[in-house]
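*Asks:* This structure is in structure tokens; I'll ask about it shortly.
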Amino acid sequence: MAAVFDALVIGVGPAGLILTAELCDRGLQVANLAPNSASAPWPNTYGVWVDELEALGLTELLGHHWKNSVSYFGPSPTRHPRDYGLFDKEKFQQYLLQRCQTVTWILGKAGAICHGDRYSTITPTNTQADCRDVPASPVQARIVIDASGHFPALSKRPAKANVAYQAAYGIVGRFSQPPVEPGQFVLMDFRADHLSAAERQQPPTFSYEMDLGDGIHFVEETSLALAPAMGFDQLQGRMEKRLAARGIEILEAQHIERCLFPMNLPLPDRSQSLVAFGGASSMVHPASGYMVGAMLRRGPELGAAIARALQDPKASPQAIARQGWEALWSRDRLRKHYLYLFGLNALMGFEAARLNNHFSTFFNLPQSHWSGFLADTLTSQELVGAMVQMFGQAPNDVRWGLMRSVGGHGDLLWQAVAA
């Protein structure tokens with residue numbers, strides 16, 4: 001006989017554990033299904049603006065905190081009067097796991113799913129050492145939440161050609177001299193004097209750098225968004241050339257990070273009888289790449305909506321999922337999503353000089369505007385106001401680029417209006 005749960009969450013990355021913890025906090029019987037252990041180390045680093053965690057009372061999850069934050073869109077630094085932080089990944093993971101004491105952990109992959117009037121049934125496959133997938137006991141849950149990543153196990157979304165990816169290659173280690181000033185964080189360094197004339201005609205990349213203390217630094221070369229993605233070899237080459245031009249050698253690489261994630265995947269099918277969260281729900285900020293802060297803010301909303309829906313003992317998976325989707329993707333969030341997608345498409349069409357002019361203007365907006373834009377905490381009306389102000393203050397080349405984007409991607413603006 002199949003085990004029966006209130007909710008089954010698929011995935012043990014940040015998205016999966018955030019949602020699992022939220023459901024456990026509400027006293028629900030929760031199972032979690034994933035091919036890896038929930039305690040397996042997370043591979044990537046996660047940055048966040050400190051005020052986002054302050055609002056949630058979670059600053060203790062930070063491993064590093066910088067007050068000296070700058071970017072380079074030209075020879076002189078643009079200073080950001082906003083603190084930046086880096087999660088202590090182990091502490092973050094343990095914080096979530098401690099809230100998941102009552103979870104039933106199921107090691108395996110999500111197999112076929114069948115939605116009934118009362119329950120959804122999944123037959124997982126347990127991956128054995130000999131690489132065969134062996135069917136395991138079926139699992140029943142009143143609602144399934146797919147938090148398995150950008151290319152999810154079960155959640156469905158429309159197909160899309162020319163997916164744009166943000167790609168990054170980075171090193172945590174020791175260098176012959178500090179890449180940044182003591183105690184400094186560099187959000188974006190777009191300076192390209194180290195590149196040849198031909199290379200400067202190619203898509204621009206920027207350096208993301210931080211002083212981690214004790215002589216350890218993190219340097220990462222990042223491509224904002226490209227379709228197809230920029231290769232890791234090219235990013236590594238640009239990073240090494242950037243460092244060499246500053247007379248810096250890599251002495252010790254303690255960790256190598258390779259990040260690749262889609263920026264403009266379509267929203268999932270919100271009529272399906274399960275809910276998606278995190279990358280599976282296209283929650284990555286289309287214009288910045290941030291997502292963890294948004295998941296920490298929106299996870300409680302989704303958890304509360306699911307818990308309310310489950311109070312009706314006769315509610316079907318379809319009905320429960322509907323309430324989950326409405327909480328996760330309200331009309332206001334849908335409007336903002338399409339506005340952000342418009343911004344992403346505009347930036348992808350900007351060459352280096354226009355891109356630098358854009359960011360110089362953007363970070364000269366009132367801090368509440370640019371910080372709310374990056375954190376996705378503005379209402380749709382506030383977001384439109386910020387975009388209009390940005391257009392009014394921008395130099396002519398940026399204005400022309402934005403108007404040209406209206407001609408090519410005006411459908412996104414229409415979708416924002418119609419949402």
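The chains in the structure tokens are called A, B, ... from first to last as shown; in each chain the residues are counted from 1, and the ligands are counted from 1 in the order shown.
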Output as a count of residues only all residues of range 93-299 of chain A that backbone DSSP marks as helix (DSSP H, G or I).

*Replies:* 36

*Asks:* Near range 214-224 of chain A, within 6 Å and counting only C-alpha atoms, which residues show up once chain neighbours fewer than 4 positions away are dropped, as a PyMOL selection string?

*Replies:* chain A and resi 166-174+205-210+235+239

*Asks:* For Gly407 in chain A, which residue out of A:Asn345, A:Asn44, A:Ser330, A:Gln367 is the nearest one, using only C-alpha atoms?

*Replies:*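 Answer, going by the shortest atom-to-atom distance: A:Asn345.
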
*Asks:* May I have the residues within 10 Å of Ser281 in chain A as JSON, numbers by chain, using only C-alpha atoms and disregarding those fewer than 3 positions away in the same chain?

*Replies:* {"A": [146, 147, 148, 149, 150, 151, 152, 155, 156, 157, 265, 266, 267, 268, 269, 270, 275, 276, 277, 278, 284, 325, 328, 329]}

*Asks:* What lies within 10 Å of range 24-28 of chain A using only C-alpha atoms, ignoring chain neighbours under 2 positions off, as a list in words?

*Replies:*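 Answer for this query is Phe5, Asp6, Ala7, Leu19, Thr20, Ala21, Glu22, Val30, Ala31, Arg99, Cys100, Gln101, Thr102, Val103, Pro300, Gly303, Ala304, Ile306, Ala307, Arg308 and Leu310 of chain A.
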
*Asks:* Please produce a file of the residues just selected, as a compact mmCIF listing (two decimals), in the first residue's frame, where the atoms kept are all heavy atoms.

*Replies:*
# COMPACT_ATOMS: atom_id res chain seq x y z
N PHE A 5 1.00 11.25 2.00
CA PHE A 5 1.50 12.46 2.65
C PHE A 5 0.62 13.64 2.26
O PHE A 5 -0.08 13.60 1.25
CB PHE A 5 2.95 12.74 2.22
CG PHE A 5 3.92 11.66 2.61
CD1 PHE A 5 4.19 10.61 1.72
CD2 PHE A 5 4.52 11.66 3.85
CE1 PHE A 5 5.07 9.59 2.08
CE2 PHE A 5 5.40 10.65 4.22
CZ PHE A 5 5.67 9.61 3.34
N ASP A 6 0.70 14.69 3.07
CA ASP A 6 0.03 15.93 2.69
C ASP A 6 0.70 16.53 1.46
O ASP A 6 0.03 17.02 0.55
CB ASP A 6 0.08 16.94 3.84
CG ASP A 6 -0.76 16.53 5.03
OD1 ASP A 6 -1.85 15.98 4.82
OD2 ASP A 6 -0.32 16.75 6.17
N ALA A 7 2.04 16.52 1.47
CA ALA A 7 2.78 17.15 0.38
C ALA A 7 4.05 16.36 0.09
O ALA A 7 4.68 15.82 1.01
CB ALA A 7 3.14 18.59 0.73
N LEU A 19 11.13 25.13 0.58
CA LEU A 19 9.71 24.80 0.57
C LEU A 19 9.38 23.66 1.52
O LEU A 19 8.36 23.68 2.21
CB LEU A 19 9.28 24.44 -0.87
CG LEU A 19 7.89 24.89 -1.29
CD1 LEU A 19 6.79 24.12 -0.64
CD2 LEU A 19 7.71 26.39 -0.98
N THR A 20 10.28 22.67 1.60
CA THR A 20 10.07 21.57 2.56
C THR A 20 9.98 22.11 3.98
O THR A 20 9.11 21.72 4.76
CB THR A 20 11.21 20.54 2.44
OG1 THR A 20 11.25 20.02 1.10
CG2 THR A 20 11.00 19.38 3.40
N ALA A 21 10.89 23.03 4.32
CA ALA A 21 10.89 23.61 5.67
C ALA A 21 9.61 24.40 5.93
O ALA A 21 9.03 24.31 7.02
CB ALA A 21 12.11 24.51 5.84
N GLU A 22 9.16 25.15 4.94
CA GLU A 22 7.94 25.95 5.13
C GLU A 22 6.74 25.05 5.39
O GLU A 22 5.88 25.36 6.23
CB GLU A 22 7.69 26.82 3.90
CG GLU A 22 8.66 27.98 3.73
CD GLU A 22 8.56 29.00 4.84
OE1 GLU A 22 7.48 29.10 5.48
OE2 GLU A 22 9.56 29.70 5.08
N VAL A 30 5.10 15.71 5.40
CA VAL A 30 5.83 16.05 4.18
C VAL A 30 6.84 14.95 3.84
O VAL A 30 7.55 14.45 4.72
CB VAL A 30 6.58 17.39 4.33
CG1 VAL A 30 7.28 17.77 3.03
CG2 VAL A 30 5.61 18.49 4.76
N ALA A 31 6.90 14.60 2.57
CA ALA A 31 7.96 13.74 2.05
C ALA A 31 8.78 14.55 1.06
O ALA A 31 8.29 15.51 0.45
CB ALA A 31 7.37 12.51 1.36
N ARG A 99 14.69 22.56 10.37
CA ARG A 99 13.24 22.77 10.34
C ARG A 99 12.52 21.59 9.69
O ARG A 99 11.28 21.61 9.58
CB ARG A 99 12.92 24.06 9.59
CG ARG A 99 13.47 25.31 10.28
CD ARG A 99 13.49 26.50 9.34
NE ARG A 99 12.18 26.81 8.79
CZ ARG A 99 11.99 27.67 7.77
NH1 ARG A 99 13.03 28.28 7.22
NH2 ARG A 99 10.77 27.89 7.32
N CYS A 100 13.26 20.59 9.26
CA CYS A 100 12.68 19.47 8.51
C CYS A 100 12.79 18.16 9.28
O CYS A 100 12.98 17.09 8.69
CB CYS A 100 13.41 19.32 7.16
SG CYS A 100 13.26 20.75 6.07
N GLN A 101 12.65 18.24 10.61
CA GLN A 101 12.85 17.05 11.45
C GLN A 101 11.81 15.96 11.18
O GLN A 101 12.07 14.78 11.40
CB GLN A 101 12.82 17.45 12.92
CG GLN A 101 13.92 18.43 13.32
CD GLN A 101 15.31 17.83 13.18
OE1 GLN A 101 15.53 16.67 13.53
NE2 GLN A 101 16.23 18.61 12.64
N THR A 102 10.62 16.34 10.73
CA THR A 102 9.55 15.35 10.56
C THR A 102 9.42 14.84 9.13
O THR A 102 8.49 14.09 8.82
CB THR A 102 8.20 15.97 10.99
OG1 THR A 102 7.92 17.11 10.16
CG2 THR A 102 8.25 16.40 12.45
N VAL A 103 10.35 15.24 8.27
CA VAL A 103 10.25 14.87 6.85
C VAL A 103 10.60 13.39 6.65
O VAL A 103 11.50 12.85 7.30
CB VAL A 103 11.20 15.74 6.00
CG1 VAL A 103 11.26 15.26 4.56
CG2 VAL A 103 10.75 17.19 6.05
N PRO A 300 7.28 31.32 2.14
CA PRO A 300 6.20 31.34 3.14
C PRO A 300 4.83 31.58 2.54
O PRO A 300 3.83 31.02 3.02
CB PRO A 300 6.62 32.50 4.07
CG PRO A 300 8.11 32.58 3.92
CD PRO A 300 8.37 32.23 2.48
N GLY A 303 3.85 28.26 1.00
CA GLY A 303 3.57 27.28 2.06
C GLY A 303 2.24 27.55 2.73
O GLY A 303 1.47 26.62 3.01
N ALA A 304 1.95 28.82 3.00
CA ALA A 304 0.69 29.17 3.66
C ALA A 304 -0.50 28.86 2.76
O ALA A 304 -1.55 28.36 3.23
CB ALA A 304 0.70 30.65 4.05
N ILE A 306 -0.72 26.58 0.39
CA ILE A 306 -0.91 25.12 0.31
C ILE A 306 -1.55 24.61 1.60
O ILE A 306 -2.47 23.78 1.57
CB ILE A 306 0.44 24.43 0.04
CG1 ILE A 306 0.87 24.71 -1.40
CG2 ILE A 306 0.34 22.93 0.29
CD1 ILE A 306 2.27 24.22 -1.73
N ALA A 307 -1.08 25.11 2.74
CA ALA A 307 -1.65 24.66 4.02
C ALA A 307 -3.13 25.01 4.11
O ALA A 307 -3.95 24.20 4.59
CB ALA A 307 -0.88 25.29 5.18
N ARG A 308 -3.51 26.21 3.64
CA ARG A 308 -4.93 26.59 3.65
C ARG A 308 -5.75 25.68 2.75
O ARG A 308 -6.84 25.24 3.12
CB ARG A 308 -5.09 28.04 3.20
CG ARG A 308 -4.66 29.08 4.24
CD ARG A 308 -5.17 30.46 3.85
NE ARG A 308 -4.67 30.88 2.54
CZ ARG A 308 -3.52 31.54 2.37
NH1 ARG A 308 -2.76 31.83 3.42
NH2 ARG A 308 -3.14 31.91 1.17
N LEU A 310 -5.16 22.65 1.90
CA LEU A 310 -5.23 21.29 2.44
C LEU A 310 -6.25 21.16 3.56
O LEU A 310 -6.62 20.04 3.93
CB LEU A 310 -3.84 20.86 2.94
CG LEU A 310 -2.81 20.54 1.85
CD1 LEU A 310 -1.42 20.41 2.46
CD2 LEU A 310 -3.18 19.25 1.11

*Asks:* List the spatial neighbours of range 59-69 of chain A as a PyMOL selection string - criterion: any atom at most 12 Å away, only C-alpha atoms, same-chain residues fewer than 6 positions off excluded.

*Replies:* chain A and resi 45-53+77-96+180-189+208-213+217-218+293

*Asks:* Find the distance between CA of Pro366 in chain A and CA of Ala416 in chain A and write it in Å to one decimal.

*Replies:* 23.8 Å

*Asks:* From a DSSP pass on the backbone, collect the residues of range 18-65 of chain A flagged as strand (DSSP E or B) and hand them back as a list in words.

*Replies:*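 Answer for range 18-65 of chain A restricted to strand (DSSP E or B) is Val30, Ala31, Asn32, Leu33, Ala34, Gly47, Val48, Trp49, Leu62, Gly63, His64 and His65 of chain A.
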
*Asks:* Tell me which of A:Gln177, A:Thr123, A:Ser405, A:Ser137 sits closest to Glu252 in chain A, counting only C-alpha atoms.

*Replies:*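 Once distances to Glu252 in chain A are computed over only C-alpha atoms, the minimum belongs to A:Gln177.
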
*Asks:* Pick the closest to Pro395 in chain A from A:Ala353, A:Ile250, A:Val12, A:Val417: which is it, counting only C-alpha atoms?

*Replies:*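 Counting only C-alpha atoms, the residue closest to Pro395 in chain A is A:Ala353.
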
*Asks:* Which residues come within 12 Å of Lys241 in chain A, counting only C-alpha atoms, excluding same-chain residues fewer than 5 positions away, as a PyMOL selection string?

*Replies:* chain A and resi 192-196+199+207+221+234-236+246-250

*Asks:* Record the distance separating CA of Thr121 in chain A and CA of Pro35 in chain A, expressed in Å with one decimal.

*Replies:* 17.8 Å

*Asks:* With only C-alpha atoms as the counted atoms, please give the residues lying no more than 6 Å from range 227-230 of chain A, apart from itself and same-chain residues fewer than 3 positions off, as a list in words.

*Replies:*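 Skipping anything fewer than 3 positions along the chain leaves Asn162, Val163, Ala164 and Tyr165 of chain A.
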
*Asks:* Produce a file of the selected residues containing N, CA, C and O atoms, as a PDB file, in the first residue's frame.

*Replies:*
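Final output, selection_14.pdb:
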ATOM      1  N   ASN A 162      16.120  29.410 -28.436  1.00  0.00           N
ATOM      2  CA  ASN A 162      17.065  30.487 -28.099  1.00  0.00           C
ATOM      3  C   ASN A 162      16.986  30.890 -26.635  1.00  0.00           C
ATOM      4  O   ASN A 162      16.784  32.058 -26.298  1.00  0.00           O
ATOM      5  N   VAL A 163      17.132  29.915 -25.761  1.00  0.00           N
ATOM      6  CA  VAL A 163      17.165  30.207 -24.333  1.00  0.00           C
ATOM      7  C   VAL A 163      18.458  30.956 -24.010  1.00  0.00           C
ATOM      8  O   VAL A 163      19.549  30.565 -24.432  1.00  0.00           O
ATOM      9  N   ALA A 164      18.342  32.052 -23.274  1.00  0.00           N
ATOM     10  CA  ALA A 164      19.506  32.857 -22.890  1.00  0.00           C
ATOM     11  C   ALA A 164      20.033  32.372 -21.542  1.00  0.00           C
ATOM     12  O   ALA A 164      19.259  32.176 -20.602  1.00  0.00           O
ATOM     13  N   TYR A 165      21.339  32.185 -21.465  1.00  0.00           N
ATOM     14  CA  TYR A 165      21.972  31.687 -20.250  1.00  0.00           C
ATOM     15  C   TYR A 165      22.937  32.707 -19.671  1.00  0.00           C
ATOM     16  O   TYR A 165      23.673  33.364 -20.408  1.00  0.00           O
TER      17      TYR A 165
END
